[in-house]
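S.K.: So that you have it, the file is work.txt, and it contains compact mmCIF, C-alpha atoms:
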# COMPACT_ATOMS: atom_id res chain seq x y z
CA MET A 202 -1.16 -19.11 22.02
CA ARG A 203 2.63 -19.00 22.41
CA LYS A 204 3.73 -17.19 25.56
CA LYS A 205 5.79 -14.05 24.96
CA GLU A 206 9.37 -14.10 26.24
CA LEU A 207 12.15 -11.55 26.54
CA LYS A 208 14.26 -11.98 23.39
CA LEU A 209 17.15 -10.41 21.57
CA VAL A 210 15.86 -8.57 18.48
CA VAL A 211 18.38 -7.33 15.91
CA THR A 212 17.08 -4.69 13.49
CA PHE A 213 18.67 -3.72 10.18
CA HIS A 214 18.83 -0.75 7.84
CA THR A 215 17.31 -2.72 4.95
CA THR A 216 15.19 -5.80 4.37
CA ALA A 217 18.06 -7.19 2.28
CA ASP A 218 20.37 -7.05 5.32
CA ALA A 219 17.82 -9.07 7.28
CA MET A 220 17.62 -11.63 4.47
CA ALA A 221 21.44 -11.80 4.36
CA MET A 222 21.41 -12.34 8.13
CA GLU A 223 19.00 -15.26 7.78
CA LYS A 224 21.16 -16.85 5.10
CA ALA A 225 24.38 -16.39 7.09
CA CYS A 226 22.79 -17.75 10.28
CA ARG A 227 21.50 -20.83 8.47
CA GLU A 228 24.91 -21.49 6.89
CA GLN A 229 26.80 -21.02 10.16
CA GLU A 230 24.19 -22.66 12.36
CA VAL A 231 23.67 -19.54 14.46
CA PRO A 232 20.37 -19.74 16.38
CA GLY A 233 17.33 -17.53 15.78
CA ARG A 234 14.61 -16.76 13.25
CA ILE A 235 13.46 -13.92 11.07
CA ILE A 236 10.43 -11.94 12.27
CA PRO A 237 8.61 -8.71 11.36
CA VAL A 238 10.13 -5.83 13.37
CA PRO A 239 8.08 -5.72 16.61
CA ARG A 240 5.68 -2.76 16.64
CA THR A 241 7.05 -1.64 20.01
CA ILE A 242 10.43 -1.05 18.35
CA SER A 243 9.42 0.62 15.10
CA ALA A 244 6.54 2.03 13.07
CA GLY A 245 8.30 0.67 9.99
CA CYS A 246 7.53 -2.68 8.42
CA GLY A 247 10.94 -4.23 8.00
CA LEU A 248 12.33 -7.55 9.17
CA ALA A 249 14.41 -8.38 12.23
CA TRP A 250 16.39 -11.31 13.65
CA CYS A 251 15.04 -12.80 16.85
CA ALA A 252 17.12 -15.02 19.15
CA GLY A 253 17.65 -15.86 22.79
CA LEU A 254 19.35 -13.31 25.01
CA GLU A 255 22.14 -15.81 25.65
CA ASP A 256 23.00 -15.85 21.92
CA ARG A 257 23.95 -12.15 21.80
CA GLU A 258 27.74 -12.61 21.67
CA GLN A 259 27.63 -15.41 19.12
CA ILE A 260 25.36 -13.33 16.87
CA ALA A 261 27.47 -10.17 17.21
CA ALA A 262 30.62 -12.12 16.34
CA MET A 263 29.01 -13.72 13.30
CA MET A 264 27.75 -10.34 12.05
CA LYS A 265 31.19 -8.80 12.41
CA LYS A 266 32.75 -11.71 10.55
CA THR A 267 30.26 -11.59 7.65
CA GLY A 268 30.04 -7.78 7.45
CA ILE A 269 26.34 -7.50 8.25
CA GLU A 270 25.65 -4.20 9.97
CA GLU A 271 22.85 -3.96 12.49
CA GLU A 272 20.72 -0.86 12.99
CA ASP A 273 20.28 -1.71 16.65
CA MET A 274 20.04 -4.58 19.13
CA HIS A 275 17.01 -4.61 21.40
CA GLU A 276 15.73 -6.72 24.23
CA CYS A 277 11.96 -6.97 24.03
CA MET A 278 9.02 -9.31 24.55
CA VAL A 279 8.35 -11.39 21.44
CA MET B 206 -4.02 2.13 23.34
CA ASN B 207 -1.52 -0.35 21.95
CA LEU B 208 -3.13 -1.70 18.79
CA SER B 209 -0.36 -4.07 17.90
CA ASP B 210 0.10 -6.45 20.83
CA SER B 211 -2.46 -9.00 19.66
CA LYS B 212 -4.06 -10.14 16.44
CA LYS B 213 -7.50 -9.27 17.84
CA LYS B 214 -6.52 -5.64 18.33
CA LEU B 215 -4.95 -5.53 14.88
CA ALA B 216 -8.17 -6.93 13.43
CA LEU B 217 -10.05 -4.23 15.35
CA ALA B 218 -8.01 -1.58 13.54
CA GLY B 219 -9.11 -3.19 10.27
CA VAL B 220 -12.74 -3.13 11.46
CA VAL B 221 -12.51 0.60 12.23
CA CYS B 222 -11.06 1.31 8.78
CA GLY B 223 -13.78 -0.85 7.21
CA LEU B 224 -16.45 1.14 9.03
CA VAL B 225 -14.91 4.38 7.74
CA ALA B 226 -15.19 3.02 4.17
CA VAL B 227 -18.82 1.99 4.80
CA CYS B 228 -19.73 5.43 6.19
CA LEU B 229 -18.13 7.24 3.26
CA ALA B 230 -19.95 5.02 0.77
CA LEU B 231 -23.25 5.71 2.53
CA MET B 232 -22.51 9.44 2.45
CA GLY B 233 -21.86 9.65 -1.26
CA ASN B 234 -18.63 7.99 -2.37
CA PRO B 235 -19.12 5.50 -5.24
CA ALA B 236 -20.28 2.39 -3.36
CA ASN B 237 -17.69 -0.02 -4.70
CA MET B 238 -14.97 2.63 -4.69
CA ALA B 239 -15.67 3.71 -1.12
CA PHE B 240 -12.02 4.19 -0.34
CA CYS B 241 -9.61 3.47 -3.20
CA ILE B 242 -6.12 4.94 -3.01
CA ALA B 243 -5.34 4.58 -6.72
CA CYS B 244 -8.71 5.97 -7.85
CA PHE B 245 -8.53 8.86 -5.38
CA ILE B 246 -4.96 9.81 -6.33
CA ARG B 247 -6.03 9.68 -9.99
CA ASP B 248 -9.04 11.90 -9.19
CA THR B 249 -6.82 14.38 -7.33
CA ALA B 250 -4.35 14.43 -10.23
CA GLY B 251 -7.34 15.22 -12.44
CA ALA B 252 -8.38 18.08 -10.16
CA PHE B 253 -4.99 19.64 -10.90
CA GLY B 254 -5.53 19.21 -14.63
CA MET B 255 -2.76 16.63 -14.88
CA HIS B 256 -5.19 14.64 -17.05
CA GLN B 257 -8.33 15.69 -18.88
CA ALA B 258 -10.72 12.80 -18.15
CA GLU B 259 -13.64 14.96 -17.02
CA VAL B 260 -15.46 12.23 -15.10
CA VAL B 261 -12.58 11.54 -12.69
CA GLN B 262 -11.47 14.95 -11.42
CA TYR B 263 -11.88 15.76 -7.74
CA ALA B 264 -9.40 16.59 -4.96
CA ARG B 265 -10.29 13.70 -2.65
CA PRO B 266 -10.03 14.81 0.99
CA GLU B 267 -9.49 11.15 1.95
CA ILE B 268 -5.96 11.26 0.46
CA ILE B 269 -5.23 14.48 2.35
CA GLY B 270 -6.65 12.98 5.54
CA LEU B 271 -4.60 9.79 5.24
CA VAL B 272 -1.31 11.66 5.01
CA LEU B 273 -2.24 14.14 7.73
CA GLY B 274 -3.70 11.41 9.98
CA SER B 275 -0.45 9.48 9.80
CA PHE B 276 1.60 12.67 10.26
CA LEU B 277 -0.35 13.86 13.30
CA ILE B 278 -0.51 10.49 15.10
CA SER B 279 3.18 9.77 14.45
CA ALA B 280 4.14 13.24 15.70
CA ALA B 281 1.91 12.90 18.76
CA THR B 282 3.33 9.48 19.66
CA LYS B 283 6.95 10.44 18.85
CA GLU B 284 7.19 8.03 15.90
CA TYR B 285 7.75 10.72 13.26
CA ARG B 286 11.15 10.09 11.59
CA SER B 287 12.33 12.25 8.73
CA THR B 288 14.29 9.91 6.43
CA ALA B 289 15.36 9.89 2.77
CA GLY B 290 17.96 8.66 0.33
CA SER B 291 16.88 5.15 -0.66
CA SER B 292 16.92 5.14 -4.48
CA PRO B 293 14.37 7.96 -4.94
CA MET B 294 14.08 7.80 -8.73
CA ILE B 295 13.56 4.04 -8.75
CA ARG B 296 10.81 4.59 -6.18
CA PHE B 297 9.29 7.25 -8.45
CA VAL B 298 9.21 4.72 -11.30
CA LEU B 299 7.67 2.10 -9.00
CA GLY B 300 4.97 4.63 -8.06
CA VAL B 301 4.13 5.12 -11.74
CA ILE B 302 4.10 1.33 -12.27
CA ILE B 303 1.81 0.74 -9.29
CA MET B 304 -0.74 3.17 -10.74
CA ILE B 305 -0.62 1.68 -14.23
CA GLY B 306 -1.17 -1.83 -12.82
CA ALA B 307 -3.94 -0.58 -10.54
CA LEU B 308 -5.81 1.22 -13.32
CA VAL B 309 -5.52 -1.77 -15.66
CA PHE B 310 -7.31 -3.75 -12.92
CA LEU B 311 -9.41 -0.72 -11.85
CA GLY B 312 -8.45 -0.33 -8.23
CA CYS B 313 -5.72 -0.55 -5.62
CA PRO B 314 -5.43 -3.54 -3.24
CA LEU B 315 -7.79 -1.79 -0.81
CA ARG B 316 -10.47 -1.49 -3.47
CA MET B 317 -9.77 -5.10 -4.49
CA ILE B 318 -10.75 -6.14 -0.94
CA ILE B 319 -13.81 -3.84 -1.06
CA ARG B 320 -14.87 -5.38 -4.39
CA MET B 321 -14.21 -8.91 -3.08
CA SER B 322 -16.45 -8.23 -0.08
CA ALA B 323 -19.27 -7.18 -2.42
CA GLY B 324 -19.05 -10.44 -4.39
CA ASP B 325 -17.22 -9.11 -7.45
CA LEU B 326 -15.57 -12.29 -8.74
CA ASN B 327 -13.24 -10.24 -10.97
CA ALA B 328 -11.53 -9.01 -7.80
CA TRP B 329 -11.13 -12.60 -6.57
CA VAL B 330 -9.46 -13.41 -9.91
CA ALA B 331 -7.19 -10.39 -9.48
CA LEU B 332 -6.24 -11.58 -5.99
CA VAL B 333 -4.44 -14.51 -7.64
CA GLY B 334 -2.31 -12.07 -9.61
CA PHE B 335 -1.69 -9.91 -6.54
CA ILE B 336 -0.42 -12.90 -4.53
CA LEU B 337 1.76 -14.06 -7.44
CA GLY B 338 3.22 -10.55 -7.77
CA ILE B 339 4.05 -10.46 -4.07
CA ALA B 340 5.58 -13.92 -4.27
CA THR B 341 7.79 -12.72 -7.14
CA GLY B 342 8.85 -9.74 -5.02
CA VAL B 343 9.63 -12.05 -2.10
CA PHE B 344 11.74 -14.19 -4.43
CA ALA B 345 13.68 -11.03 -5.37
CA LEU B 346 14.12 -10.14 -1.67
CA LYS B 347 15.53 -13.61 -1.04
CA ASN B 348 17.96 -13.05 -3.91
CA GLY B 349 19.39 -9.91 -2.38
CA PHE B 350 17.16 -7.17 -3.86
CA SER B 351 17.69 -3.83 -2.15
CA LEU B 352 17.10 -0.16 -2.89
CA GLY B 353 19.65 0.74 -0.24
CA ARG B 354 19.16 2.24 3.18
CA ALA B 355 17.45 5.51 4.08
CA TYR B 356 19.21 8.11 6.21
CA ALA B 357 17.92 10.55 8.81
CA THR B 358 17.39 14.00 7.33
CA ASN B 359 16.41 17.45 8.51
CA LYS B 360 12.98 17.15 10.15
CA ILE B 361 11.35 19.53 7.70
CA ASN B 362 12.01 17.11 4.78
CA GLY B 363 9.52 14.58 6.02
CA ALA B 364 6.91 17.26 6.60
CA VAL B 365 6.91 18.49 2.99
CA LEU B 366 4.22 16.10 1.72
CA PRO B 367 1.92 16.76 4.71
CA MET B 368 2.35 20.49 3.96
CA ILE B 369 1.63 19.98 0.27
CA VAL B 370 -1.61 18.07 0.96
CA THR B 371 -2.62 20.80 3.41
CA GLY B 372 -2.08 23.26 0.57
CA ILE B 373 -4.31 21.12 -1.68
CA LEU B 374 -7.02 21.24 1.00
CA VAL B 375 -6.77 25.04 1.17
CA LEU B 376 -6.99 25.29 -2.63
CA ALA B 377 -10.00 22.97 -2.68
CA LEU B 378 -11.86 24.84 0.05
CA ALA B 379 -10.91 28.47 -0.61
CA THR B 380 -10.48 28.74 -4.37
CA SER B 381 -12.05 27.54 -7.60
CA LEU B 382 -8.70 26.66 -9.16
CA LEU B 383 -9.17 22.90 -8.93
CA LYS B 384 -11.32 20.99 -11.38
CA ALA B 385 -14.31 19.00 -10.12
CA SER B 386 -16.30 16.46 -12.16
CA GLU B 387 -19.95 17.23 -12.78
CA ALA B 388 -20.75 13.66 -13.82
CA GLY B 389 -19.28 10.20 -13.36
CA PRO B 390 -17.36 8.75 -10.40
CA GLY B 391 -15.54 12.03 -9.72
CA SER B 392 -18.85 13.76 -9.03
CA MET B 393 -19.83 11.16 -6.44
CA HIS B 394 -18.39 11.99 -3.06
CA ALA B 395 -19.19 12.32 0.61
CA PRO B 396 -19.23 15.83 2.14
CA VAL B 397 -15.71 17.28 2.37
CA ILE B 398 -15.64 17.31 6.17
CA ALA B 399 -16.76 13.66 6.37
CA SER B 400 -14.17 12.60 3.80
CA LEU B 401 -11.45 14.49 5.63
CA ILE B 402 -12.35 13.05 9.03
CA GLY B 403 -12.64 9.59 7.47
CA GLY B 404 -9.17 9.97 5.98
CA LEU B 405 -7.71 11.19 9.27
CA VAL B 406 -9.18 8.27 11.24
CA PHE B 407 -8.19 5.73 8.57
CA GLY B 408 -4.68 7.23 8.40
CA ALA B 409 -4.18 7.17 12.16
CA PHE B 410 -5.35 3.55 12.53
CA ALA B 411 -3.35 2.46 9.47
CA GLN B 412 -0.22 4.07 10.97
CA LYS B 413 -0.70 2.42 14.34
CA SER B 414 -1.53 -1.02 12.92
CA ARG B 415 1.00 -0.81 10.04
CA MET B 416 -1.82 -1.83 7.69
CA CYS B 417 -0.34 -2.91 4.37
CA PHE B 418 -1.93 -5.14 1.77
CA ALA B 419 1.40 -6.11 0.19
CA GLY B 420 3.25 -6.39 3.50
CA SER B 421 0.60 -8.69 4.96
CA MET B 422 0.98 -11.20 2.12
CA ARG B 423 4.76 -10.77 2.15
CA ASP B 424 4.90 -11.69 5.83
CA VAL B 425 2.71 -14.77 5.26
CA ILE B 426 4.81 -15.99 2.32
CA LEU B 427 8.16 -15.14 3.89
CA MET B 428 7.63 -15.97 7.56
CA LYS B 429 4.17 -17.50 7.92
CA ASN B 430 3.40 -14.48 10.11
CA PHE B 431 -0.29 -13.53 10.10
CA ASP B 432 -0.19 -10.33 12.19
CA LEU B 433 -0.64 -7.85 9.34
CA LEU B 434 -3.07 -10.16 7.56
CA SER B 435 -5.35 -9.98 10.60
CA VAL B 436 -5.77 -6.22 9.94
CA ILE B 437 -6.91 -6.96 6.39
CA ALA B 438 -9.15 -9.79 7.65
CA GLY B 439 -10.89 -7.37 10.05
CA LEU B 440 -11.46 -4.92 7.21
CA PHE B 441 -12.80 -7.62 4.88
CA VAL B 442 -15.14 -9.17 7.44
CA VAL B 443 -16.80 -5.90 8.43
CA LEU B 444 -17.33 -4.99 4.76
CA LEU B 445 -18.67 -8.47 3.98
CA ILE B 446 -21.15 -8.30 6.87
CA PHE B 447 -22.28 -4.84 5.78
CA ASN B 448 -22.75 -5.92 2.15
CA ILE B 449 -24.68 -9.07 3.07
CA ALA B 450 -26.83 -7.31 5.68
CA THR B 451 -27.83 -4.53 3.29
CA GLY B 452 -28.36 -6.74 0.25
CA ARG B 453 -25.38 -5.28 -1.57
CA PHE B 454 -23.58 -8.62 -1.89
CA VAL B 455 -24.00 -9.85 -5.48
CA ALA B 456 -21.65 -12.65 -6.52
CA GLY B 457 -20.80 -12.55 -10.20
CA PHE B 458 -18.83 -11.17 -13.10
CA ASN B 459 -20.01 -8.40 -15.41
CA THR B 460 -21.91 -6.53 -12.72
CA PRO B 461 -22.94 -3.14 -14.13
CA GLY B 462 -22.22 -0.23 -11.84
CA VAL B 463 -19.32 -1.91 -10.05
CA ILE B 464 -16.73 -0.20 -12.30
CA ALA B 465 -14.91 -3.40 -13.15
CA HIS B 466 -14.13 -5.47 -16.22
CA SER B 467 -13.98 -9.21 -16.77
CA GLU B 468 -10.81 -9.56 -18.81
CA HIS B 469 -9.38 -12.12 -16.44
CA LEU B 470 -5.84 -12.17 -17.80
CA TRP B 471 -5.56 -8.41 -17.39
CA ASN B 472 -7.15 -8.40 -13.96
CA ILE B 473 -4.47 -10.90 -12.95
CA LEU B 474 -1.59 -9.09 -14.69
CA GLY B 475 -2.71 -5.67 -13.44
CA MET B 476 -2.65 -6.77 -9.82
CA TYR B 477 0.46 -8.88 -10.42
CA THR B 478 2.16 -5.62 -11.40
CA VAL B 479 0.85 -3.85 -8.29
CA GLY B 480 1.89 -6.67 -5.95
CA PHE B 481 5.36 -7.02 -7.46
CA ALA B 482 6.07 -3.26 -7.51
CA ALA B 483 4.63 -2.79 -4.02
CA VAL B 484 7.00 -5.35 -2.50
CA LEU B 485 9.94 -3.69 -4.26
CA ALA B 486 8.82 -0.25 -3.04
CA GLY B 487 8.25 -1.55 0.51
CA GLY B 488 4.48 -1.15 0.69
CA CYS B 489 1.13 -0.94 -1.07
CA PRO B 490 -0.32 2.43 -2.23
CA LEU B 491 -2.01 2.97 1.16
CA ARG B 492 1.20 2.17 3.02
CA GLN B 493 3.17 4.62 0.84
CA LEU B 494 0.85 7.44 1.96
CA ILE B 495 1.16 6.40 5.60
CA LEU B 496 4.96 6.10 5.45
CA ALA B 497 5.12 9.49 3.72
CA GLY B 498 3.00 10.94 6.52
CA GLN B 499 5.31 9.59 9.21
CA GLY B 500 8.33 11.24 7.58
CA SER B 501 9.65 9.06 4.76
CA SER B 502 10.63 11.23 1.80
CA ASP B 503 11.29 8.01 -0.15
CA ALA B 504 7.63 7.03 0.24
CA ALA B 505 6.65 10.62 -0.65
CA VAL B 506 8.56 10.27 -3.93
CA THR B 507 6.63 7.05 -4.61
CA VAL B 508 3.40 8.99 -3.97
CA VAL B 509 4.50 11.65 -6.47
CA GLY B 510 5.14 8.81 -8.92
CA MET B 511 1.61 7.56 -8.31
CA PHE B 512 0.20 11.02 -9.17
CA VAL B 513 2.18 11.10 -12.41
CA GLY B 514 1.20 7.49 -13.14
CA GLY B 515 -2.47 8.31 -12.59
CA ALA B 516 -2.25 11.17 -15.07
CA MET B 517 -0.37 9.03 -17.61
CA CYS B 518 -3.05 6.34 -17.46
CA HIS B 519 -5.69 8.76 -18.74
CA ASN B 520 -3.48 10.88 -21.01
CA PHE B 521 -2.14 7.83 -22.86
CA GLY B 522 -5.28 5.68 -22.81
CA LEU B 523 -3.94 3.02 -20.45
CA ALA B 524 -6.80 2.82 -17.92
CA ALA B 525 -9.41 0.10 -18.33
CA SER B 526 -13.12 0.85 -18.73
CA GLY B 527 -15.77 -0.67 -16.51
CA THR B 528 -18.67 -2.84 -17.63
CA SER B 529 -21.80 -0.70 -17.90
CA LEU B 530 -25.34 -0.57 -19.22
CA ASN B 531 -25.97 1.45 -22.37
CA PRO B 532 -28.57 3.96 -21.10
CA GLU B 533 -30.44 3.99 -24.45
CA THR B 534 -30.37 0.35 -25.57
CA LYS B 535 -30.10 -1.11 -22.02
CA GLU B 536 -27.51 -3.52 -23.39
CA LEU B 537 -24.52 -4.61 -21.36
CA VAL B 538 -21.32 -2.98 -22.62
CA ALA B 539 -18.34 -5.03 -21.52
CA GLY B 540 -15.48 -3.15 -19.88
CA ALA B 541 -12.04 -3.70 -21.34
CA VAL B 542 -8.37 -2.89 -21.10
CA PRO B 543 -7.29 -0.80 -24.12
CA PRO B 544 -4.32 -2.03 -26.23
CA ASN B 545 -2.10 0.76 -24.85
CA GLY B 546 -2.90 -0.40 -21.32
CA LYS B 547 -1.95 -3.98 -22.13
CA ILE B 548 1.37 -2.92 -23.69
CA ALA B 549 2.10 -0.61 -20.74
CA CYS B 550 1.30 -3.37 -18.24
CA ILE B 551 3.74 -5.76 -19.93
CA ILE B 552 6.43 -3.05 -20.03
CA CYS B 553 5.83 -2.37 -16.32
CA ILE B 554 6.29 -6.05 -15.44
CA ILE B 555 9.55 -6.15 -17.44
CA ILE B 556 10.80 -3.00 -15.64
CA CYS B 557 9.92 -4.59 -12.29
CA PHE B 558 12.01 -7.65 -13.17
CA VAL B 559 14.94 -5.43 -14.24
CA ILE B 560 14.74 -3.46 -10.96
CA ALA B 561 14.26 -6.62 -8.88
CA PHE B 562 17.26 -8.46 -10.21
CA THR B 563 19.72 -5.60 -10.84
CA CYS B 564 19.37 -3.61 -7.61
CA LYS B 565 21.37 -5.77 -5.23
CA ARG B 566 22.38 -5.42 -1.61
CA GLU B 567 26.10 -5.69 -2.46
CA ASP B 568 25.84 -2.85 -5.01
CA ALA B 569 23.81 -0.68 -2.64
CA LYS B 570 26.50 -0.87 0.02
CA LYS B 571 29.36 0.30 -2.26
Here is a file; write its structure as structure tokens.
M.R.:
Amino acid sequence: MRKKELKLVVTFHTTADAMAMEKACREQEVPGRIIPVPRTISAGCGLAWCAGLEDREQIAAMMKKTGIEEEDMHECMV
Amino acid sequence: MNLSDSKKKLALAGVVCGLVAVCLALMGNPANMAFCIACFIRDTAGAFGMHQAEVVQYARPEIIGLVLGSFLISAATKEYRSTAGSSPMIRFVLGVIIMIGALVFLGCPLRMIIRMSAGDLNAWVALVGFILGIATGVFALKNGFSLGRAYATNKINGAVLPMIVTGILVLALATSLLKASEAGPGSMHAPVIASLIGGLVFGAFAQKSRMCFAGSMRDVILMKNFDLLSVIAGLFVVLLIFNIATGRFVAGFNTPGVIAHSEHLWNILGMYTVGFAAVLAGGCPLRQLILAGQGSSDAAVTVVGMFVGGAMCHNFGLAASGTSLNPETKELVAGAVPPNGKIACIICIIICFVIAFTCKREDAKK
């Protein structure tokens, strides 16, 4: 089983925002992957973007540039 | 106890919910309908006289328990969030559509799993349609489908549905205003207190584990993530073991007494409709009740749509009939989907496509 690590988890207001994030990250080669929102963060069942803690600034800049609004940015074990 | 930090614990939540279904079936619920969200919402709609099908009228305490179980556990663990404002009328329509699809198949995704575990091959056929429907919904998600975001609202908003179901419980226990079937599936039920406790336990575990039949498949298709599917697997395995151990497992089509039909195309299309609409609405019928309990007014509107849809199915002759034995001739009478049900199912699929490919993220943000 994969060992859990402390990661950056970006949550969104809608599933569509998460899908747009995945598309934008793929196109602009920004690291990370889409995951279900960790249960420790939310009782909802949406999607989130998971990346390394060191990628925070790059991700924030890309989101600002493409107009994708996050709900929140968390650091949690994934 | 954190139920969500491993697949084993998630599966355990499914096992607990499976055991609740087993207990309720043993105590009087129709065996193959031990815990069906669509059937029980339809029965409750009948208890209010929203439809006049006399054999399916009973205010099912399980539905009340599910909403209250989710409400109480989310309030106790500070996860209650009162939210609203994400395309409520489209969600209402999706609620109606989910019920029409479910009653063409004869069951919600939960009952599909219950029927699968008892060997009903019709349910296995329907699973194909359910997966295809979810895959279509995922395709729409990838193409930018969105009903827009929900916003935080006054706390009392999210508590309205829990209060309404509490009112239904009071009416059921203290008055004779609600209708109750004297024959047929509606007359078969566990004692009220057992059904209520079963619903509360099921609701609490479903809230903690985020149990969702549509969401589990969505996550597998979209991300190859099997967390939510492990909840369903736990549920299925415990039911399968119970059915095999007690001789209730009978593999086949056309099984009298199972309340199912063998019109394969319509089993597939019925569950295709449910899967597609559930992904668009953000959860299966069970999940809508749980989300409504934890404060989502959008999910509550979907639940209201399911009540109206349940009534429409019987008022307009859309619901399928189950295969049964003629009590006099002892001949097998094949269950079937009536023509109105087939037309409605096709219309529902068309509406799902219109919603899926016209409600876009870009439009929602304007």
S.K.: If you measure from CA of Leu273 (chain B) to CA of Ser381 (chain B), what distance in Å do you get, rounded to one decimal?
M.R.: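 Calculated distance between CA of Leu273 (chain B) and CA of Ser381 (chain B) is 22.6 Å.
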S.K.: Hey, what's within 9 Å of region 314-316 of chain B if we count all atoms listed in the file and toss same-chain stuff fewer than 2 positions away? As number ranges by chain, please?
M.R.: B: 237-244, 307, 311-312, 318-321, 328, 332, 335, 418-419, 437, 476, 479-480, 489-491
S.K.: Store the residues picked out above in a file with C-alpha atoms, as a PDB file, in the frame of the given file.
M.R.:
ATOM      1  CA  ASN B 237     -17.690  -0.020  -4.700  1.00  0.00           C
ATOM      2  CA  MET B 238     -14.970   2.630  -4.690  1.00  0.00           C
ATOM      3  CA  ALA B 239     -15.670   3.710  -1.120  1.00  0.00           C
ATOM      4  CA  PHE B 240     -12.020   4.190  -0.340  1.00  0.00           C
ATOM      5  CA  CYS B 241      -9.610   3.470  -3.200  1.00  0.00           C
ATOM      6  CA  ILE B 242      -6.120   4.940  -3.010  1.00  0.00           C
ATOM      7  CA  ALA B 243      -5.340   4.580  -6.720  1.00  0.00           C
ATOM      8  CA  CYS B 244      -8.710   5.970  -7.850  1.00  0.00           C
ATOM      9  CA  ALA B 307      -3.940  -0.580 -10.540  1.00  0.00           C
ATOM     10  CA  LEU B 311      -9.410  -0.720 -11.850  1.00  0.00           C
ATOM     11  CA  GLY B 312      -8.450  -0.330  -8.230  1.00  0.00           C
ATOM     12  CA  ILE B 318     -10.750  -6.140  -0.940  1.00  0.00           C
ATOM     13  CA  ILE B 319     -13.810  -3.840  -1.060  1.00  0.00           C
ATOM     14  CA  ARG B 320     -14.870  -5.380  -4.390  1.00  0.00           C
ATOM     15  CA  MET B 321     -14.210  -8.910  -3.080  1.00  0.00           C
ATOM     16  CA  ALA B 328     -11.530  -9.010  -7.800  1.00  0.00           C
ATOM     17  CA  LEU B 332      -6.240 -11.580  -5.990  1.00  0.00           C
ATOM     18  CA  PHE B 335      -1.690  -9.910  -6.540  1.00  0.00           C
ATOM     19  CA  PHE B 418      -1.930  -5.140   1.770  1.00  0.00           C
ATOM     20  CA  ALA B 419       1.400  -6.110   0.190  1.00  0.00           C
ATOM     21  CA  ILE B 437      -6.910  -6.960   6.390  1.00  0.00           C
ATOM     22  CA  MET B 476      -2.650  -6.770  -9.820  1.00  0.00           C
ATOM     23  CA  VAL B 479       0.850  -3.850  -8.290  1.00  0.00           C
ATOM     24  CA  GLY B 480       1.890  -6.670  -5.950  1.00  0.00           C
ATOM     25  CA  CYS B 489       1.130  -0.940  -1.070  1.00  0.00           C
ATOM     26  CA  PRO B 490      -0.320   2.430  -2.230  1.00  0.00           C
ATOM     27  CA  LEU B 491      -2.010   2.970   1.160  1.00  0.00           C
TER      28      LEU B 491
END
S.K.: Would you pick out the contacts of region 534-548 of chain B at 9 Å or less, using all atoms listed in the file, so that residues sharing its chain but fewer than 5 positions from it are not included, and give the list as an MDAnalysis selection string?
M.R.: chainID B and resid 305:306 308:310 459 461 464:468 471 475 518 521:529 553
S.K.: Select residues of chain B: the criterion is any atom within 6 Å of an atom of chain A, counting only C-alpha atoms; output as number ranges by chain.
M.R.: B: 349, 351, 354
S.K.: Would you list the contacts of region 222-225 of chain B as a PyMOL selection string, taking every protein, DNA or RNA residue within 8 Å and counting all atoms listed in the file, but skipping same-chain residues closer than 6 positions in sequence?
M.R.: chain B and resi 403+406-407+410-411+439-441+443-444
S.K.: Please measure the separation of CA of Arg286 (chain B) and CA of Leu346 (chain B), giving the value in Å to one decimal.
M.R.: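 Result for CA of Arg286 (chain B) versus CA of Leu346 (chain B): 24.4 Å, one decimal.
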S.K.: Quick one: residues within 6 Å of region 359-376 of chain B, only C-alpha atoms counted, chain neighbours fewer than 4 positions away excluded, as a CSV table (one decimal) with C-alpha atoms, keeping the file's coordinate frame?
M.R.:
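The result, written out as around-v4.csv:
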chain,number,residue,atom,x,y,z
B,269,ILE,CA,-5.2,14.5,2.4
B,273,LEU,CA,-2.2,14.1,7.7
B,287,SER,CA,12.3,12.2,8.7
B,380,THR,CA,-10.5,28.7,-4.4
B,500,GLY,CA,8.3,11.2,7.6
B,501,SER,CA,9.6,9.1,4.8
B,502,SER,CA,10.6,11.2,1.8
S.K.: Could you check which of A:Val211, A:Cys251, A:Cys226, A:Val231 is closest to Glu271 (chain A), using only C-alpha atoms?
M.R.: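 Checking each of A:Val211, A:Cys251, A:Cys226, A:Val231 against Glu271 (chain A), counting only C-alpha atoms, the winner is A:Val211.
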S.K.: From the list B:Ala323, B:Val506, B:Ala280, B:Ile303, which residue is nearest Ile449 (chain B) when using all atoms listed in the file?
M.R.: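 That would be B:Ala323, the residue with the smallest distance to Ile449 (chain B).
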S.K.: I'd like to know which of B:Ala345, B:Ala377, B:Leu352, B:Val425 is closest to Cys564 (chain B), using all atoms listed in the file.
M.R.: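 Smallest separation from Cys564 (chain B) among the options: B:Leu352.
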S.K.: Using only C-alpha atoms, list the residues that have an atom at most 6 Å from (-1.4, -8.5, -12.9), coordinates as in the file, as an mmCIF file with C-alpha atoms, in the coordinates of the input.
M.R.:
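Final output, selection.cif:
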data_model
loop_
_atom_site.group_PDB
_atom_site.id
_atom_site.type_symbol
_atom_site.label_atom_id
_atom_site.label_comp_id
_atom_site.auth_asym_id
_atom_site.auth_seq_id
_atom_site.Cartn_x
_atom_site.Cartn_y
_atom_site.Cartn_z
ATOM 1 C CA GLY B 334 -2.310 -12.070 -9.610
ATOM 2 C CA ASN B 472 -7.150 -8.400 -13.960
ATOM 3 C CA ILE B 473 -4.470 -10.900 -12.950
ATOM 4 C CA LEU B 474 -1.590 -9.090 -14.690
ATOM 5 C CA GLY B 475 -2.710 -5.670 -13.440
ATOM 6 C CA MET B 476 -2.650 -6.770 -9.820
ATOM 7 C CA TYR B 477 0.460 -8.880 -10.420
ATOM 8 C CA THR B 478 2.160 -5.620 -11.400
#
